[in-house]
Structures are given as structure tokens and as C-alpha cells.
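Shown here: input_32.cif, mmCIF, C-alpha atoms.
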```
data_structure
loop_
_atom_site.group_PDB
_atom_site.id
_atom_site.type_symbol
_atom_site.label_atom_id
_atom_site.label_comp_id
_atom_site.auth_asym_id
_atom_site.auth_seq_id
_atom_site.Cartn_x
_atom_site.Cartn_y
_atom_site.Cartn_z
ATOM 1 C CA MET A 1 9.104 51.895 37.874
ATOM 2 C CA ALA A 2 7.711 55.415 38.037
ATOM 3 C CA LEU A 3 8.252 58.283 40.444
ATOM 4 C CA VAL A 4 5.131 60.433 40.384
ATOM 5 C CA GLY A 5 4.506 63.763 42.065
ATOM 6 C CA PRO A 6 4.025 67.483 41.579
ATOM 7 C CA GLU A 7 6.746 69.833 40.447
ATOM 8 C CA GLY A 8 9.296 70.378 43.192
ATOM 9 C CA SER A 9 8.451 67.169 45.064
ATOM 10 C CA GLY A 10 11.945 65.673 44.689
ATOM 11 C CA LYS A 11 11.462 63.288 41.768
ATOM 12 C CA SER A 12 14.601 64.451 39.967
ATOM 13 C CA HIS A 13 16.607 64.322 43.174
ATOM 14 C CA LEU A 14 15.522 60.738 43.879
ATOM 15 C CA ALA A 15 16.118 59.779 40.244
ATOM 16 C CA ALA A 16 19.653 61.206 40.449
ATOM 17 C CA ILE A 17 20.385 59.180 43.594
ATOM 18 C CA TRP A 18 19.036 56.025 41.945
ATOM 19 C CA ALA A 19 21.051 56.730 38.788
ATOM 20 C CA GLU A 20 24.243 57.186 40.781
ATOM 21 C CA THR A 21 23.624 53.961 42.699
ATOM 22 C CA THR A 22 22.727 51.858 39.654
ATOM 23 C CA GLY A 23 24.886 53.474 36.987
ATOM 24 C CA ALA A 24 21.731 54.456 35.111
ATOM 25 C CA ARG A 25 22.032 56.879 32.263
ATOM 26 C CA PRO A 26 19.615 59.740 31.689
ATOM 27 C CA CYS A 27 17.763 59.632 28.392
ATOM 28 C CA SER A 28 15.126 61.573 26.551
ATOM 29 C CA LEU A 29 12.287 59.416 25.343
ATOM 30 C CA ARG A 30 12.757 60.514 21.738
ATOM 31 C CA SER A 31 16.384 59.354 21.633
ATOM 32 C CA CYS A 32 15.283 55.939 22.871
ATOM 33 C CA TYR A 33 13.242 55.347 19.753
ATOM 34 C CA ARG A 34 16.375 54.610 17.761
ATOM 35 C CA ARG A 35 17.219 51.015 18.664
ATOM 36 C CA PRO A 36 21.066 51.204 18.427
ATOM 37 C CA ILE A 37 21.169 54.291 20.649
ATOM 38 C CA CYS A 38 18.728 52.786 23.117
ATOM 39 C CA ARG A 39 20.706 49.522 23.350
ATOM 40 C CA ARG A 40 23.857 51.516 24.183
ATOM 41 C CA LEU A 41 21.982 53.508 26.819
ATOM 42 C CA LEU A 42 20.652 50.298 28.378
ATOM 43 C CA ALA A 43 24.133 48.755 28.475
ATOM 44 C CA THR A 44 24.478 49.682 32.164
ATOM 45 C CA GLY A 45 21.252 47.815 32.906
ATOM 46 C CA ALA A 46 19.391 50.923 34.005
ATOM 47 C CA LEU A 47 17.964 54.070 32.440
ATOM 48 C CA VAL A 48 16.203 57.214 33.688
ATOM 49 C CA VAL A 49 13.590 58.996 31.587
ATOM 50 C CA GLU A 50 12.392 62.183 33.257
ATOM 51 C CA ASP A 51 9.352 64.389 32.905
ATOM 52 C CA LEU A 52 6.995 62.163 30.936
ATOM 53 C CA ASP A 53 4.017 64.256 29.947
ATOM 54 C CA PRO A 54 0.824 62.575 28.738
ATOM 55 C CA THR A 55 -0.016 65.592 26.558
ATOM 56 C CA ASP A 56 3.274 65.357 24.647
ATOM 57 C CA LEU A 57 4.014 61.639 24.733
ATOM 58 C CA ASP A 58 5.755 59.716 21.987
ATOM 59 C CA GLU A 59 3.830 56.492 22.519
ATOM 60 C CA ARG A 60 5.841 54.489 20.022
ATOM 61 C CA ALA A 61 9.106 55.486 21.669
ATOM 62 C CA LEU A 62 7.853 54.568 25.150
ATOM 63 C CA PHE A 63 6.452 51.258 23.904
ATOM 64 C CA HIS A 64 9.770 50.501 22.200
ATOM 65 C CA LEU A 65 11.732 51.413 25.322
ATOM 66 C CA ILE A 66 9.641 49.218 27.628
ATOM 67 C CA ASN A 67 9.911 46.257 25.255
ATOM 68 C CA LEU A 68 13.648 46.679 24.756
ATOM 69 C CA ALA A 69 14.274 47.065 28.493
ATOM 70 C CA LYS A 70 12.390 43.831 29.117
ATOM 71 C CA GLU A 71 14.384 42.099 26.366
ATOM 72 C CA GLU A 72 17.670 43.405 27.785
ATOM 73 C CA ARG A 73 16.580 42.703 31.384
ATOM 74 C CA ALA A 74 17.223 46.335 32.222
ATOM 75 C CA TYR A 75 15.482 48.669 34.640
ATOM 76 C CA VAL A 76 13.814 51.910 33.605
ATOM 77 C CA LEU A 77 12.849 54.669 36.002
ATOM 78 C CA LEU A 78 10.270 57.133 34.699
ATOM 79 C CA THR A 79 9.425 60.436 36.380
ATOM 80 C CA SER A 80 6.155 62.225 35.763
ATOM 81 C CA ARG A 81 3.655 64.573 37.371
ATOM 82 C CA THR A 82 0.891 62.051 36.672
ATOM 83 C CA ALA A 83 0.900 58.264 36.933
ATOM 84 C CA PRO A 84 1.873 56.693 33.587
ATOM 85 C CA ALA A 85 -0.668 53.899 34.206
ATOM 86 C CA GLY A 86 -3.383 56.511 33.682
ATOM 87 C CA PHE A 87 -1.965 58.086 30.523
ATOM 88 C CA PRO A 88 -4.552 58.188 27.718
ATOM 89 C CA VAL A 89 -2.630 56.213 25.092
ATOM 90 C CA ALA A 90 -3.832 54.879 21.753
ATOM 91 C CA ILE A 91 -1.455 51.900 21.628
ATOM 92 C CA ARG A 92 -3.379 49.255 23.563
ATOM 93 C CA ASP A 93 -0.312 47.136 24.305
ATOM 94 C CA LEU A 94 1.418 50.185 25.779
ATOM 95 C CA ALA A 95 -1.586 50.912 27.998
ATOM 96 C CA SER A 96 -1.499 47.287 29.133
ATOM 97 C CA ARG A 97 2.207 47.454 29.984
ATOM 98 C CA LEU A 98 1.803 50.708 31.898
ATOM 99 C CA ARG A 99 -1.108 49.286 33.897
ATOM 100 C CA ALA A 100 0.774 46.033 34.539
ATOM 101 C CA GLY A 101 3.696 47.977 35.980
ATOM 102 C CA ALA A 102 1.369 49.774 38.375
ATOM 103 C CA GLU A 103 -0.356 46.506 39.341
ATOM 104 C CA ARG A 104 2.973 44.799 40.067
ATOM 105 C CA ARG A 105 3.969 47.645 42.364
ATOM 106 C CA ALA A 106 0.590 47.602 44.117
ATOM 107 C CA GLY A 107 0.823 43.842 44.568
ATOM 108 C CA ALA A 108 4.342 44.119 45.941
ATOM 109 C CA ALA A 109 3.198 46.643 48.540
ATOM 110 C CA ARG A 110 0.646 44.238 50.053
#
```
When written as C-alpha cells, how does the structure in this file appear?
Amino acid sequence: MALVGPEGSGKSHLAAIWAETTGARPCSLRSCYRRPICRRLLATGALVVEDLDPTDLDERALFHLINLAKEERAYVLLTSRTAPAGFPVAIRDLASRLRAGAERRAGAAR
């Protein structure tokens, strides 16, 4: 899931409430690239990654995180100023996963 909005719109506040409710741990995307660390962070079943920026995105780390979260049946909340589904990424499978997440949410809203 992604919370998207401009700076100061309350994304971090909402993410903090969700983290408190779910027991989610905050994580930087770069630390999630290391599988043992990421598995420990996902142990609560939820993780928050804030401030994703398409101009400074570690695509491999995000791809790894999404795959591992699916494997572990964990939830990941991303915050960003722009919708991750529209990020210009080179890893085609990552682009597909980001679009699929947006499509699932759009379908659920109908």
C-alpha cells in the first residue's frame, strides 16, 4: 500500500498511526536489501518505508522488499510524494508489481 501526497499532507502522521496499530517497524529502503535484516524487520508482519523518491530509488532493494513481503505474508506501507505505480523503473517486474498494487487498490474502491 502507498500513501501519496505533497510534503506536509500528513503521510508520516498516518504512517505512524498505522505503525502503532500494526506493530510495523520503520525501515530505510537500503537496509531492506540485506535479506537477514529485512526478514527481522518483517517479523512483526508489517513495515513502513517512508519518502520513496523516484529520482533516488534503489530499484533492486524495493523489488527485493516487495518479493520478501509477499513471501512472508507481510504488509508494507510506502510513503511518497508521487505514486510508486508511475515511477520510471528499469526493472520490468518491479514496474509490474507497482502497477498491480495500484490496480488492486483501484479495484477494491469500486
| message | List as a ChimeraX atom specification the protein and nucleic acid residues near Ala15 in chain A, meaning an atom at most 12 Å away when all atoms listed in the file are counted, but skip any in the same chain fewer than 3 places from it. | response | /A:1-4,9-12,18-27,46-51,76-80
| field | Distance in Å - CA of Ala95 in chain A versus CA of Glu71 in chain A | value | 18.3 Å
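Considering all atoms listed in the file, the residue among A:Ala74, A:Ala43, A:Asp53, A:Asn67 positioned nearest to Gly86 in chain A is A:Asp53.
If all atoms listed in the file are the atoms counted, then among A:Phe63, A:Thr44, A:Pro54, A:Ala100 the closest residue to Pro84 in chain A is A:Pro54.
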Box dimensions and centre (Å, one decimal) enclosing range 69-79 of chain A, axis-aligned, 5 Å extra per side, as AutoDock Vina command-line options:
```
--center_x 13.5 --center_y 51.3 --center_z 31.4 --size_x 18.2 --size_y 28.3 --size_z 20.0
```
| said: One decimal, in Å: what's the spacing between CA of Leu42 in chain A and CA of Lys70 in chain A? | reply: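 Distance reported for this atom pair: 10.5 Å.
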| message | Between CA of Ser96 in chain A and CA of Leu52 in chain A, what distance in Å does the model show, to one decimal? | response |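 Spanning CA of Ser96 in chain A to CA of Leu52 in chain A is a straight-line distance of 17.2 Å.
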| Pick from A:Leu41, A:Leu14, A:Val89, A:Leu57: nearest to Glu72 in chain A, with only C-alpha atoms counted? |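 Checking each candidate against Glu72 in chain A, we get A:Leu41 as the closest.
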| Residue among A:Ile66, A:Leu29, A:Arg40, A:Thr55 lying closest to Arg97 in chain A, counting all atoms listed in the file |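 Distance minimum relative to Arg97 in chain A lands on A:Ile66.
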Could you pull range 48-59 of chain A out of the structure just shown and give all heavy atoms as a PDB file, in the first residue's frame?
```
ATOM      1  N   VAL A  48       7.122  -0.075   7.468  1.00  0.00           N
ATOM      2  CA  VAL A  48       6.884   1.244   6.875  1.00  0.00           C
ATOM      3  C   VAL A  48       8.182   1.726   6.230  1.00  0.00           C
ATOM      4  O   VAL A  48       9.226   1.741   6.874  1.00  0.00           O
ATOM      5  CB  VAL A  48       6.440   2.282   7.933  1.00  0.00           C
ATOM      6  CG1 VAL A  48       6.316   3.668   7.307  1.00  0.00           C
ATOM      7  CG2 VAL A  48       5.142   1.873   8.585  1.00  0.00           C
ATOM      8  N   VAL A  49       8.084   2.092   4.957  1.00  0.00           N
ATOM      9  CA  VAL A  49       9.209   2.693   4.246  1.00  0.00           C
ATOM     10  C   VAL A  49       8.745   4.071   3.795  1.00  0.00           C
ATOM     11  O   VAL A  49       7.825   4.187   2.983  1.00  0.00           O
ATOM     12  CB  VAL A  49       9.649   1.852   3.028  1.00  0.00           C
ATOM     13  CG1 VAL A  49      10.811   2.515   2.308  1.00  0.00           C
ATOM     14  CG2 VAL A  49      10.020   0.442   3.453  1.00  0.00           C
ATOM     15  N   GLU A  50       9.367   5.110   4.343  1.00  0.00           N
ATOM     16  CA  GLU A  50       8.923   6.471   4.060  1.00  0.00           C
ATOM     17  C   GLU A  50       9.792   7.178   3.029  1.00  0.00           C
ATOM     18  O   GLU A  50      10.955   6.864   2.849  1.00  0.00           O
ATOM     19  CB  GLU A  50       8.916   7.295   5.352  1.00  0.00           C
ATOM     20  CG  GLU A  50       7.794   6.882   6.274  1.00  0.00           C
ATOM     21  CD  GLU A  50       7.309   8.019   7.127  1.00  0.00           C
ATOM     22  OE1 GLU A  50       6.736   8.970   6.562  1.00  0.00           O
ATOM     23  OE2 GLU A  50       7.517   7.951   8.340  1.00  0.00           O
ATOM     24  N   ASP A  51       9.149   8.140   2.383  1.00  0.00           N
ATOM     25  CA  ASP A  51       9.808   9.081   1.485  1.00  0.00           C
ATOM     26  C   ASP A  51      10.481   8.446   0.274  1.00  0.00           C
ATOM     27  O   ASP A  51      11.610   8.789  -0.071  1.00  0.00           O
ATOM     28  CB  ASP A  51      10.818   9.955   2.248  1.00  0.00           C
ATOM     29  CG  ASP A  51      10.170  10.750   3.355  1.00  0.00           C
ATOM     30  OD1 ASP A  51       9.041  11.237   3.135  1.00  0.00           O
ATOM     31  OD2 ASP A  51      10.770  10.875   4.435  1.00  0.00           O
ATOM     32  N   LEU A  52       9.794   7.511  -0.377  1.00  0.00           N
ATOM     33  CA  LEU A  52      10.337   6.967  -1.621  1.00  0.00           C
ATOM     34  C   LEU A  52      10.404   8.090  -2.643  1.00  0.00           C
ATOM     35  O   LEU A  52       9.462   8.844  -2.810  1.00  0.00           O
ATOM     36  CB  LEU A  52       9.461   5.852  -2.163  1.00  0.00           C
ATOM     37  CG  LEU A  52       9.547   4.502  -1.486  1.00  0.00           C
ATOM     38  CD1 LEU A  52       8.674   3.491  -2.233  1.00  0.00           C
ATOM     39  CD2 LEU A  52      10.968   3.997  -1.427  1.00  0.00           C
ATOM     40  N   ASP A  53      11.527   8.172  -3.311  1.00  0.00           N
ATOM     41  CA  ASP A  53      11.752   9.217  -4.297  1.00  0.00           C
ATOM     42  C   ASP A  53      12.167   8.559  -5.608  1.00  0.00           C
ATOM     43  O   ASP A  53      13.176   7.858  -5.657  1.00  0.00           O
ATOM     44  CB  ASP A  53      12.857  10.146  -3.791  1.00  0.00           C
ATOM     45  CG  ASP A  53      13.175  11.274  -4.734  1.00  0.00           C
ATOM     46  OD1 ASP A  53      12.605  11.337  -5.846  1.00  0.00           O
ATOM     47  OD2 ASP A  53      14.007  12.117  -4.364  1.00  0.00           O
ATOM     48  N   PRO A  54      11.396   8.762  -6.670  1.00  0.00           N
ATOM     49  CA  PRO A  54      11.731   8.096  -7.935  1.00  0.00           C
ATOM     50  C   PRO A  54      13.068   8.530  -8.517  1.00  0.00           C
ATOM     51  O   PRO A  54      13.653   7.798  -9.315  1.00  0.00           O
ATOM     52  CB  PRO A  54      10.566   8.471  -8.859  1.00  0.00           C
ATOM     53  CG  PRO A  54       9.977   9.703  -8.278  1.00  0.00           C
ATOM     54  CD  PRO A  54      10.214   9.609  -6.798  1.00  0.00           C
ATOM     55  N   THR A  55      13.581   9.688  -8.108  1.00  0.00           N
ATOM     56  CA  THR A  55      14.868  10.146  -8.653  1.00  0.00           C
ATOM     57  C   THR A  55      16.054   9.541  -7.913  1.00  0.00           C
ATOM     58  O   THR A  55      17.174   9.615  -8.390  1.00  0.00           O
ATOM     59  CB  THR A  55      14.972  11.685  -8.601  1.00  0.00           C
ATOM     60  OG1 THR A  55      14.935  12.115  -7.233  1.00  0.00           O
ATOM     61  CG2 THR A  55      13.841  12.327  -9.387  1.00  0.00           C
ATOM     62  N   ASP A  56      15.808   8.954  -6.756  1.00  0.00           N
ATOM     63  CA  ASP A  56      16.882   8.343  -5.965  1.00  0.00           C
ATOM     64  C   ASP A  56      16.388   7.007  -5.425  1.00  0.00           C
ATOM     65  O   ASP A  56      16.405   6.755  -4.226  1.00  0.00           O
ATOM     66  CB  ASP A  56      17.276   9.277  -4.810  1.00  0.00           C
ATOM     67  CG  ASP A  56      18.439   8.734  -4.002  1.00  0.00           C
ATOM     68  OD1 ASP A  56      19.310   8.064  -4.586  1.00  0.00           O
ATOM     69  OD2 ASP A  56      18.469   8.960  -2.773  1.00  0.00           O
ATOM     70  N   LEU A  57      15.938   6.142  -6.326  1.00  0.00           N
ATOM     71  CA  LEU A  57      15.311   4.892  -5.932  1.00  0.00           C
ATOM     72  C   LEU A  57      16.255   3.723  -6.138  1.00  0.00           C
ATOM     73  O   LEU A  57      16.826   3.557  -7.211  1.00  0.00           O
ATOM     74  CB  LEU A  57      14.040   4.664  -6.761  1.00  0.00           C
ATOM     75  CG  LEU A  57      13.248   3.401  -6.463  1.00  0.00           C
ATOM     76  CD1 LEU A  57      12.650   3.472  -5.067  1.00  0.00           C
ATOM     77  CD2 LEU A  57      12.148   3.229  -7.489  1.00  0.00           C
ATOM     78  N   ASP A  58      16.409   2.923  -5.113  1.00  0.00           N
ATOM     79  CA  ASP A  58      17.166   1.678  -5.227  1.00  0.00           C
ATOM     80  C   ASP A  58      16.172   0.616  -5.680  1.00  0.00           C
ATOM     81  O   ASP A  58      15.472   0.015  -4.864  1.00  0.00           O
ATOM     82  CB  ASP A  58      17.797   1.319  -3.879  1.00  0.00           C
ATOM     83  CG  ASP A  58      18.698   0.099  -3.949  1.00  0.00           C
ATOM     84  OD1 ASP A  58      18.502  -0.736  -4.873  1.00  0.00           O
ATOM     85  OD2 ASP A  58      19.572  -0.028  -3.093  1.00  0.00           O
ATOM     86  N   GLU A  59      16.081   0.435  -6.987  1.00  0.00           N
ATOM     87  CA  GLU A  59      15.081  -0.468  -7.556  1.00  0.00           C
ATOM     88  C   GLU A  59      15.250  -1.897  -7.066  1.00  0.00           C
ATOM     89  O   GLU A  59      14.265  -2.578  -6.760  1.00  0.00           O
ATOM     90  CB  GLU A  59      15.151  -0.451  -9.085  1.00  0.00           C
ATOM     91  CG  GLU A  59      14.715   0.842  -9.688  1.00  0.00           C
ATOM     92  CD  GLU A  59      14.721   0.794 -11.200  1.00  0.00           C
ATOM     93  OE1 GLU A  59      14.489  -0.292 -11.781  1.00  0.00           O
ATOM     94  OE2 GLU A  59      14.950   1.848 -11.815  1.00  0.00           O
TER      95      GLU A  59
END
```
